[in-house]
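> Take this structure first; my questions come after.
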2 protein chains.
Amino acid sequence: MRSRYCRDSGPLLAEGCALQLIALAPWPLVRAGDDLADQTCAALAAQQLKLQSGDVLVYAQKVISKAEGRCVDLRTVVPGARAAALALEVGKDPRLVELVLRESTRIVRTAKDVLIVEQRLGLIMANAGIDQSNVADPASGEYALLLPVDPDASAAQLRAALLARCGCDVAVIISDSFGRPWRVGTVGVAIGCAGLAATRDLRGSGDLFGRALRVTVVGHADEIASAASLLMGQGDEARPVVLVRGLPASAPHQRAAALLRPPDEDLFR
Amino acid sequence: MRSRYCRDSGPLLAEGCALQLIALAPWPLVRAGDDLADQTCAALAAQQLKLQSGDVLVYAQKVISKAEGRCVDLRTVVPGARAAALALEVGKDPRLVELVLRESTRIVRTAKDVLIVEQRLGLIMANAGIDQSNVADPASGEYALLLPVDPDASAAQLRAALLARCGCDVAVIISDSFGRPWRVGTVGVAIGCAGLAATRDLRGSGDLFGRALRVTVVGHADEIASAASLLMGQGDEARPVVLVRGLPASAPHQRAAALLRPPDEDLFR
């Protein structure tokens with residue numbers, strides 16, 4: 001690896017030693033039924049960029065959910081007794097809590113302003129990933145946006161559509177921002193994946209001195225999602241799609257579900 | 001933001017819409033007393049790179065610890081009774097467990113092969129961050145590498161040294177790989193910071209429709225550490241230092257300690 005060098009825009013770079021991240025911006029407001037592969041091709045063209053095989057495209061969950069029509073008008077939601085009681089406990093809108101309960105399999109922790117659940121996909125996250133920001137103009141009503149039904153499938157479909165349009169074998173990650181135990185602040189996490197290894201298992205490879213590495217499973221797709229999040233922003237400058245170029249191919253391809261720790265290995269249930 | 005475009009190596013890029021990450025490689029084996037600012041300048045020169053103000057340099061904890069002489073010869077460690085009992089429980093070397101206990105303030109979780117503690121800096125992590133890979137040639141004995149005594153101070157010193165050598169106001173992050181509850185695989189995390197905002201607080205900024213954002217503190221330095229980790233590798237291709245270029249300046253500057261969740265807000269003690 002170290003002996004092969006290539007010249008890329010100036011500096012001498014060893015292969016696999018440089019990454020480029022580019023936000024595809026500006027991105028249009030996404031509505032239910034929109035074709036994200038079309039929007040991706042248009043955004044790339046507007047920035048005079050061409051996809052290359054090996055590129056990774058990271059999509060914020062929000063645009064996937066919107067395109068898939070996962071927006072819910074809160075006026076249509078009637079909270080049940082359990083949601084009403086829980087809403088009182090955590091200080092949240094009972095209609096939102098009703099949606100959280102419908103989208104979840106268990107409650108992990110509650111506190112004032114905090115409702116952490118296991119979302120039906122197995123993701124441990126606040127509010128089952130349901131978001132109320134950037135969803136719709138508040139003048140038109142109150143809306144909430146649910147996670148995609150199957151983000152791994154959404155990623156695979158988008159990857160296939162991009163292959164058909166551009167002839168490029170790219171990987172697709174669908175990302176969301178997750179809070180974490182013990183540490184302040186959210187980080188980008190992969191909730192859907194297609195075309196790459198969600199985890200990289202380095203067990204068995206040696207260290208610098210030939211000693212076997214011990215803790216060496218890396219949350220590869222999560223690290224890519226966090227990197228992309230650096231460009232996405234969260235507010236009115238949102239740039240929901242980021243192109244990542246320069247990652248070595250990774251195998252075997254995995255669903256983001258591979259990043260979920262099995263319950264029997266989970267010390268923090 | 002969206003109205004200003006610049007041309008940078010081909011594509012049209014809005015300001016703040018592109019990031020470049022470059023591993024400074026090959027990096028020499030680091031020994032106690034080595035001057036990492038010197039090594040950084042040499043590696044940059046070898047790759048025909050010049051630092052720019054605003055650049056962020058991410059250093060793997062391992063090179064900081066080695067330069068600061070935090071390597072311990074396990075033959076010099078005599079495990080106490082508590083370490084011996086705990087070592088039996090978790091199935092680890094009693095001398096390593098003795099070091100973990102010395103470096104920790106409390107035990108968070110134990111299981112077979114698992115010892116998660118609150119390291120004295122407040123970091124919740126496996127084995128108090130003590131590593132035995134890439135430390136020294138096993139033929140010369142068995143060694144373990146402790147975290148730097150004060151990684152925030154190490155980052156600040158390195159930042160000052162780079163400013164003195166290169167005249168560039170760069171930020172420095174010291175990173176390590178952390179396992180996580182609920183999710184498979186480690187991700188890069190910032191354990192030391194200087195010259196940037198470890199967390200970015202977006203509360204108060206509006207969403208696309210002017211609605212106030214709710215959960216909007218971002219673990220900025222952790223996302224940078226995860227991005228850099230994509231290039232670092234873990235094994236015999238280790239590239240322990242990564243240059244990140246293109247991040248907007250962030251303020252106020254914070255220590256990585258700002259990323260530690262206060263115990264009274266911690267639902268997962």
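Order determines the names: the first chain of the structure tokens is A, the second B, and so forth; residues in each chain are numbered 1 upward, and ligands are numbered 1 upward as they are shown.
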Output, as a compact mmCIF listing (two decimals) with C-alpha atoms, in the first residue's frame, the coordinates of chain B following least-squares superposition onto chain A across all in-order C-alpha pairs.


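Output file selection26.txt follows:
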```txt
# COMPACT_ATOMS: atom_id res chain seq x y z
CA MET B 1 -0.05 0.05 -0.02
CA ARG B 2 2.65 2.48 0.94
CA SER B 3 4.80 1.96 -2.10
CA ARG B 4 2.27 3.13 -4.68
CA TYR B 5 1.82 6.86 -4.97
CA CYS B 6 -0.27 8.93 -7.28
CA ARG B 7 -0.44 12.64 -7.86
CA ASP B 8 -3.89 14.09 -7.25
CA SER B 9 -4.39 17.86 -7.44
CA GLY B 10 -0.97 18.72 -6.09
CA PRO B 11 0.15 16.66 -3.12
CA LEU B 12 1.72 13.24 -3.41
CA LEU B 13 -0.86 10.83 -2.05
CA ALA B 14 -0.54 7.13 -1.37
CA GLU B 15 -3.48 5.13 -2.65
CA GLY B 16 -6.27 4.96 -0.09
CA CYS B 17 -4.79 7.93 1.75
CA ALA B 18 -7.20 10.68 0.70
CA LEU B 19 -10.93 11.27 0.84
CA GLN B 20 -13.05 13.94 -0.71
CA LEU B 21 -16.51 14.86 0.55
CA ILE B 22 -18.77 17.10 -1.49
CA ALA B 23 -22.27 18.22 -0.53
CA LEU B 24 -24.69 18.11 -3.46
CA ALA B 25 -26.18 21.54 -2.94
CA PRO B 26 -28.48 23.30 -3.28
CA TRP B 27 -30.92 20.40 -3.03
CA PRO B 28 -34.61 20.98 -3.84
CA LEU B 29 -37.35 20.61 -1.25
CA VAL B 30 -38.41 16.97 -1.45
CA ARG B 31 -42.07 15.99 -1.75
CA ALA B 32 -43.79 12.62 -1.54
CA GLY B 33 -43.25 10.68 -4.76
CA ASP B 34 -40.13 12.57 -5.82
CA ASP B 35 -37.48 10.54 -7.64
CA LEU B 36 -34.29 10.93 -5.63
CA ALA B 37 -32.14 9.34 -8.34
CA ASP B 38 -33.37 12.05 -10.72
CA GLN B 39 -32.67 14.75 -8.18
CA THR B 40 -29.20 13.29 -7.57
CA CYS B 41 -28.34 13.36 -11.28
CA ALA B 42 -29.60 16.93 -11.57
CA ALA B 43 -27.60 18.09 -8.55
CA LEU B 44 -24.46 16.39 -9.85
CA ALA B 45 -24.88 18.01 -13.25
CA ALA B 46 -25.46 21.44 -11.68
CA GLN B 47 -22.12 21.09 -9.88
CA GLN B 48 -20.36 19.68 -12.95
CA LEU B 49 -19.69 16.46 -11.08
CA LYS B 50 -19.77 12.95 -12.51
CA LEU B 51 -20.40 9.86 -10.43
CA GLN B 52 -17.61 7.29 -10.39
CA SER B 53 -17.86 3.64 -9.48
CA GLY B 54 -16.71 3.32 -5.87
CA ASP B 55 -18.30 6.60 -4.82
CA VAL B 56 -20.50 6.55 -1.72
CA LEU B 57 -23.60 8.73 -1.57
CA VAL B 58 -24.93 9.56 1.88
CA TYR B 59 -28.58 10.68 2.08
CA ALA B 60 -30.07 12.28 5.17
CA GLN B 61 -33.00 10.14 6.34
CA LYS B 62 -35.26 13.13 6.00
CA VAL B 63 -35.19 13.25 2.20
CA ILE B 64 -35.79 9.50 1.94
CA SER B 65 -38.73 9.67 4.34
CA LYS B 66 -40.25 12.64 2.53
CA ALA B 67 -39.93 11.03 -0.90
CA GLU B 68 -41.52 7.87 0.49
CA GLY B 69 -44.46 9.79 1.92
CA ARG B 70 -43.73 9.12 5.59
CA CYS B 71 -45.09 12.50 6.64
CA VAL B 72 -48.01 12.32 9.11
CA ASP B 73 -50.48 15.13 9.76
CA LEU B 74 -50.67 15.31 13.55
CA ARG B 75 -54.35 16.34 13.34
CA THR B 76 -55.09 12.79 12.22
CA VAL B 77 -53.42 11.17 15.27
CA VAL B 78 -55.58 10.27 18.28
CA PRO B 79 -53.40 9.45 21.29
CA GLY B 80 -54.33 6.39 23.33
CA ALA B 81 -54.29 6.22 27.12
CA ARG B 82 -50.72 4.92 27.26
CA ALA B 83 -49.47 7.73 25.01
CA ALA B 84 -51.33 10.34 27.03
CA ALA B 85 -49.79 9.14 30.32
CA LEU B 86 -46.31 8.88 28.84
CA ALA B 87 -46.62 12.31 27.21
CA LEU B 88 -47.40 13.79 30.61
CA GLU B 89 -44.36 12.06 32.11
CA VAL B 90 -41.87 13.22 29.47
CA GLY B 91 -43.49 16.55 28.63
CA LYS B 92 -44.10 15.92 24.94
CA ASP B 93 -47.06 16.27 22.56
CA PRO B 94 -49.36 13.24 23.18
CA ARG B 95 -49.88 12.84 19.42
CA LEU B 96 -46.14 12.63 18.85
CA VAL B 97 -45.82 10.12 21.71
CA GLU B 98 -48.62 8.05 20.15
CA LEU B 99 -46.62 7.89 16.90
CA VAL B 100 -43.45 7.01 18.82
CA LEU B 101 -45.23 4.10 20.53
CA ARG B 102 -46.63 2.84 17.22
CA GLU B 103 -43.13 2.91 15.71
CA SER B 104 -41.42 1.18 18.67
CA THR B 105 -41.10 -2.22 20.25
CA ARG B 106 -40.00 -1.10 23.73
CA ILE B 107 -39.19 1.92 25.86
CA VAL B 108 -35.51 2.08 26.86
CA ARG B 109 -35.35 5.23 29.03
CA THR B 110 -37.62 8.12 29.87
CA ALA B 111 -36.98 11.41 31.64
CA LYS B 112 -38.24 14.96 31.37
CA ASP B 113 -37.94 15.85 27.63
CA VAL B 114 -36.36 12.43 26.92
CA LEU B 115 -38.03 9.41 25.32
CA ILE B 116 -35.56 6.78 24.16
CA VAL B 117 -37.05 3.69 22.55
CA GLU B 118 -36.14 0.68 20.48
CA GLN B 119 -37.57 1.65 17.14
CA ARG B 120 -39.14 -1.26 15.25
CA LEU B 121 -36.01 -1.64 13.08
CA GLY B 122 -33.96 -2.32 16.24
CA LEU B 123 -32.47 1.17 16.42
CA ILE B 124 -32.15 2.57 19.95
CA MET B 125 -32.94 6.24 19.53
CA ALA B 126 -34.85 9.24 20.81
CA ASN B 127 -38.51 9.58 19.71
CA ALA B 128 -38.23 6.58 17.35
CA GLY B 129 -36.44 8.92 14.96
CA ILE B 130 -39.58 10.96 14.40
CA ASP B 131 -38.75 14.52 13.50
CA GLN B 132 -40.82 17.67 13.32
CA SER B 133 -38.24 20.08 11.90
CA ASN B 134 -37.87 20.80 8.18
CA VAL B 135 -41.01 18.73 7.51
CA ALA B 136 -43.52 21.28 6.26
CA ASP B 137 -44.49 24.88 6.53
CA PRO B 138 -46.10 25.24 10.00
CA ALA B 139 -48.72 27.50 8.38
CA SER B 140 -50.09 24.43 6.58
CA GLY B 141 -50.47 22.39 9.79
CA GLU B 142 -48.38 20.29 12.14
CA TYR B 143 -46.54 17.37 10.66
CA ALA B 144 -44.19 14.67 11.84
CA LEU B 145 -41.84 12.60 9.71
CA LEU B 146 -41.36 8.89 10.42
CA LEU B 147 -38.27 6.87 9.48
CA PRO B 148 -38.46 5.02 6.15
CA VAL B 149 -40.26 1.66 6.42
CA ASP B 150 -37.11 -0.25 5.39
CA PRO B 151 -34.06 2.02 4.99
CA ASP B 152 -31.85 -0.86 3.78
CA ALA B 153 -34.34 -1.53 0.99
CA SER B 154 -34.54 2.20 0.21
CA ALA B 155 -30.75 2.32 -0.08
CA ALA B 156 -30.69 -0.73 -2.35
CA GLN B 157 -33.39 0.73 -4.63
CA LEU B 158 -31.60 4.04 -4.91
CA ARG B 159 -28.32 2.27 -5.64
CA ALA B 160 -29.97 0.25 -8.41
CA ALA B 161 -31.58 3.39 -9.88
CA LEU B 162 -28.22 5.22 -9.91
CA LEU B 163 -26.56 2.25 -11.59
CA ALA B 164 -29.27 2.29 -14.26
CA ARG B 165 -29.00 6.06 -14.87
CA CYS B 166 -25.26 6.60 -14.58
CA GLY B 167 -23.74 3.17 -15.15
CA CYS B 168 -21.82 3.61 -11.92
CA ASP B 169 -21.65 1.06 -9.14
CA VAL B 170 -21.93 3.35 -6.15
CA ALA B 171 -22.74 2.60 -2.52
CA VAL B 172 -25.64 4.31 -0.74
CA ILE B 173 -25.96 5.11 2.96
CA ILE B 174 -29.04 6.56 4.62
CA SER B 175 -28.01 8.51 7.71
CA ASP B 176 -29.66 10.02 10.74
CA SER B 177 -28.39 11.97 13.76
CA PHE B 178 -28.29 9.97 16.99
CA GLY B 179 -27.73 11.04 20.55
CA ARG B 180 -25.44 8.85 22.62
CA PRO B 181 -25.03 7.71 26.21
CA TRP B 182 -22.19 9.40 28.10
CA ARG B 183 -21.30 11.89 25.41
CA VAL B 184 -22.74 15.27 24.50
CA GLY B 185 -24.09 15.90 21.02
CA THR B 186 -25.47 13.89 18.15
CA VAL B 187 -23.40 12.13 15.48
CA GLY B 188 -24.33 10.77 12.08
CA VAL B 189 -25.26 7.07 12.05
CA ALA B 190 -26.09 4.73 9.15
CA ILE B 191 -29.67 3.43 9.27
CA GLY B 192 -29.64 2.06 5.71
CA CYS B 193 -26.83 0.69 3.53
CA ALA B 194 -26.29 -0.85 0.13
CA GLY B 195 -23.15 -1.66 -1.78
CA LEU B 196 -20.56 -1.57 1.00
CA ALA B 197 -19.48 -3.24 4.21
CA ALA B 198 -21.42 -1.65 7.08
CA THR B 199 -18.83 -3.06 9.47
CA ARG B 200 -15.20 -3.83 8.79
CA ASP B 201 -13.77 -6.76 10.66
CA LEU B 202 -10.03 -6.37 11.13
CA ARG B 203 -9.70 -9.33 13.48
CA GLY B 204 -6.88 -11.56 12.38
CA SER B 205 -4.93 -8.82 10.67
CA GLY B 206 -1.70 -8.04 12.45
CA ASP B 207 -0.58 -4.85 14.14
CA LEU B 208 2.71 -3.11 13.32
CA PHE B 209 4.59 -5.84 15.18
CA GLY B 210 2.62 -8.83 13.98
CA ARG B 211 0.54 -9.08 17.16
CA ALA B 212 -3.09 -10.00 16.48
CA LEU B 213 -5.44 -7.03 16.82
CA ARG B 214 -8.06 -7.49 19.52
CA VAL B 215 -10.94 -5.06 19.30
CA THR B 216 -11.08 -4.54 15.63
CA VAL B 217 -14.60 -4.48 14.30
CA VAL B 218 -15.09 -0.98 12.99
CA GLY B 219 -18.47 0.70 12.50
CA HIS B 220 -17.48 1.64 8.97
CA ALA B 221 -20.81 2.94 7.62
CA ASP B 222 -21.39 4.90 10.83
CA GLU B 223 -18.01 6.61 10.44
CA ILE B 224 -18.95 7.52 6.86
CA ALA B 225 -22.32 8.87 8.06
CA SER B 226 -20.56 10.98 10.70
CA ALA B 227 -18.13 12.32 8.12
CA ALA B 228 -20.98 13.28 5.80
CA SER B 229 -22.84 14.91 8.67
CA LEU B 230 -20.01 17.46 8.91
CA LEU B 231 -21.26 18.93 5.63
CA MET B 232 -24.99 18.36 6.00
CA GLY B 233 -25.84 20.98 8.60
CA GLN B 234 -29.14 20.72 10.43
CA GLY B 235 -30.94 24.00 9.96
CA ASP B 236 -31.84 26.26 7.09
CA GLU B 237 -28.55 25.57 5.32
CA ALA B 238 -29.38 21.88 5.13
CA ARG B 239 -27.40 19.97 2.52
CA PRO B 240 -28.99 16.54 2.74
CA VAL B 241 -26.85 14.59 0.26
CA VAL B 242 -23.07 14.16 0.38
CA LEU B 243 -20.77 12.44 -2.10
CA VAL B 244 -17.81 10.60 -0.53
CA ARG B 245 -14.98 9.75 -2.90
CA GLY B 246 -11.79 7.80 -2.24
CA LEU B 247 -12.88 5.02 0.10
CA PRO B 248 -11.41 1.64 -0.83
CA ALA B 249 -13.99 -0.92 -1.89
CA SER B 250 -15.25 -2.88 1.12
CA ALA B 251 -16.73 -6.35 1.25
CA PRO B 252 -18.87 -8.23 1.95
CA HIS B 253 -21.77 -5.87 1.28
CA GLN B 254 -24.02 -5.64 4.31
CA ARG B 255 -27.30 -4.12 5.38
CA ALA B 256 -27.15 -1.43 8.06
CA ALA B 257 -28.91 -3.99 10.23
CA ALA B 258 -25.41 -5.51 10.65
CA LEU B 259 -24.63 -2.51 12.86
CA LEU B 260 -27.27 -3.51 15.43
CA ARG B 261 -25.78 -5.22 18.44
CA PRO B 262 -27.64 -8.48 19.21
CA PRO B 263 -29.66 -8.16 22.47
CA ASP B 264 -27.65 -10.94 24.16
CA GLU B 265 -24.45 -8.90 23.67
CA ASP B 266 -26.08 -5.68 24.85
CA LEU B 267 -24.96 -4.66 28.35
CA PHE B 268 -27.01 -1.44 28.30
CA ARG B 269 -30.61 -2.58 27.84
```

> Where does DSSP see alpha helix (DSSP H) in stretch 56-173 of chain B, if you list the residues as a ChimeraX atom specification?

/B:61-67,81-90,94-102,151-166

> With DSSP run on the backbone, what are the strand (DSSP E) residues within stretch 110-197 of chain B? I'd like them as a ChimeraX atom specification.

/B:110-111,114-119,124-126,143-145,171-178,187-194

> Residues of the last selection are to be written out with N, CA and C atoms, as an mmCIF file, in the first residue's frame.


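out.cif written:
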```cif
data_model
loop_
_atom_site.group_PDB
_atom_site.id
_atom_site.type_symbol
_atom_site.label_atom_id
_atom_site.label_comp_id
_atom_site.auth_asym_id
_atom_site.auth_seq_id
_atom_site.Cartn_x
_atom_site.Cartn_y
_atom_site.Cartn_z
ATOM 1 N N THR B 110 -19.138 -5.135 33.446
ATOM 2 C CA THR B 110 -18.185 -6.215 33.202
ATOM 3 C C THR B 110 -18.935 -7.406 32.616
ATOM 4 N N ALA B 111 -18.239 -8.175 31.813
ATOM 5 C CA ALA B 111 -18.747 -9.445 31.291
ATOM 6 C C ALA B 111 -17.518 -10.205 30.818
ATOM 7 N N VAL B 114 -15.080 -8.374 28.642
ATOM 8 C CA VAL B 114 -15.521 -6.974 28.598
ATOM 9 C C VAL B 114 -15.267 -6.303 29.939
ATOM 10 N N LEU B 115 -14.566 -5.165 29.905
ATOM 11 C CA LEU B 115 -14.327 -4.386 31.115
ATOM 12 C C LEU B 115 -14.474 -2.912 30.753
ATOM 13 N N ILE B 116 -15.672 -2.382 31.005
ATOM 14 C CA ILE B 116 -15.966 -0.996 30.652
ATOM 15 C C ILE B 116 -15.916 -0.157 31.920
ATOM 16 N N VAL B 117 -15.123 0.890 31.890
ATOM 17 C CA VAL B 117 -14.904 1.705 33.090
ATOM 18 C C VAL B 117 -15.094 3.188 32.769
ATOM 19 N N GLU B 118 -15.183 3.987 33.817
ATOM 20 C CA GLU B 118 -15.026 5.428 33.641
ATOM 21 C C GLU B 118 -13.564 5.716 33.877
ATOM 22 N N GLN B 119 -12.885 6.060 32.793
ATOM 23 C CA GLN B 119 -11.467 6.387 32.883
ATOM 24 C C GLN B 119 -11.348 7.709 33.644
ATOM 25 N N ILE B 124 -16.096 7.086 29.260
ATOM 26 C CA ILE B 124 -16.595 5.733 29.493
ATOM 27 C C ILE B 124 -16.099 4.868 28.352
ATOM 28 N N MET B 125 -15.236 3.912 28.667
ATOM 29 C CA MET B 125 -14.595 3.162 27.582
ATOM 30 C C MET B 125 -14.085 1.811 28.075
ATOM 31 N N ALA B 126 -13.815 0.928 27.118
ATOM 32 C CA ALA B 126 -13.281 -0.385 27.459
ATOM 33 C C ALA B 126 -11.830 -0.253 27.920
ATOM 34 N N TYR B 143 4.145 -4.912 26.645
ATOM 35 C CA TYR B 143 3.918 -3.520 26.991
ATOM 36 C C TYR B 143 2.451 -3.145 26.856
ATOM 37 N N ALA B 144 2.051 -2.151 27.599
ATOM 38 C CA ALA B 144 0.710 -1.593 27.462
ATOM 39 C C ALA B 144 0.850 -0.076 27.361
ATOM 40 N N LEU B 145 -0.066 0.534 26.644
ATOM 41 C CA LEU B 145 0.007 1.974 26.400
ATOM 42 C C LEU B 145 -1.199 2.659 27.048
ATOM 43 N N ALA B 171 -6.360 23.634 14.065
ATOM 44 C CA ALA B 171 -6.961 22.963 15.216
ATOM 45 C C ALA B 171 -6.366 21.566 15.318
ATOM 46 N N VAL B 172 -6.325 21.039 16.542
ATOM 47 C CA VAL B 172 -5.787 19.694 16.772
ATOM 48 C C VAL B 172 -6.815 18.865 17.536
ATOM 49 N N ILE B 173 -7.035 17.661 17.050
ATOM 50 C CA ILE B 173 -7.894 16.691 17.747
ATOM 51 C C ILE B 173 -7.058 15.446 18.029
ATOM 52 N N ILE B 174 -7.190 14.920 19.237
ATOM 53 C CA ILE B 174 -6.606 13.611 19.554
ATOM 54 C C ILE B 174 -7.750 12.621 19.623
ATOM 55 N N SER B 175 -7.645 11.553 18.825
ATOM 56 C CA SER B 175 -8.776 10.634 18.669
ATOM 57 C C SER B 175 -8.441 9.252 19.199
ATOM 58 N N ASP B 176 -9.492 8.525 19.551
ATOM 59 C CA ASP B 176 -9.340 7.121 19.899
ATOM 60 C C ASP B 176 -10.571 6.390 19.383
ATOM 61 N N SER B 177 -10.487 5.072 19.285
ATOM 62 C CA SER B 177 -11.616 4.257 18.824
ATOM 63 C C SER B 177 -12.408 3.776 20.021
ATOM 64 N N PHE B 178 -13.708 4.031 20.012
ATOM 65 C CA PHE B 178 -14.576 3.658 21.128
ATOM 66 C C PHE B 178 -15.640 2.673 20.649
ATOM 67 N N VAL B 187 -16.031 3.469 16.670
ATOM 68 C CA VAL B 187 -15.950 4.683 15.845
ATOM 69 C C VAL B 187 -14.938 5.631 16.485
ATOM 70 N N GLY B 188 -14.366 6.501 15.676
ATOM 71 C CA GLY B 188 -13.428 7.483 16.179
ATOM 72 C C GLY B 188 -14.133 8.510 17.058
ATOM 73 N N VAL B 189 -13.485 8.862 18.171
ATOM 74 C CA VAL B 189 -14.027 9.806 19.145
ATOM 75 C C VAL B 189 -12.899 10.763 19.526
ATOM 76 N N ALA B 190 -13.250 12.007 19.829
ATOM 77 C CA ALA B 190 -12.239 13.008 20.208
ATOM 78 C C ALA B 190 -12.012 12.963 21.711
ATOM 79 N N ILE B 191 -10.775 12.653 22.124
ATOM 80 C CA ILE B 191 -10.468 12.678 23.566
ATOM 81 C C ILE B 191 -9.643 13.913 23.933
ATOM 82 N N GLY B 192 -9.163 14.638 22.937
ATOM 83 C CA GLY B 192 -8.455 15.896 23.179
ATOM 84 C C GLY B 192 -8.733 16.861 22.043
ATOM 85 N N CYS B 193 -8.854 18.140 22.358
ATOM 86 C CA CYS B 193 -9.186 19.153 21.346
ATOM 87 C C CYS B 193 -8.497 20.470 21.654
ATOM 88 N N ALA B 194 -8.119 21.170 20.614
ATOM 89 C CA ALA B 194 -7.666 22.555 20.773
ATOM 90 C C ALA B 194 -7.925 23.310 19.480
#
```
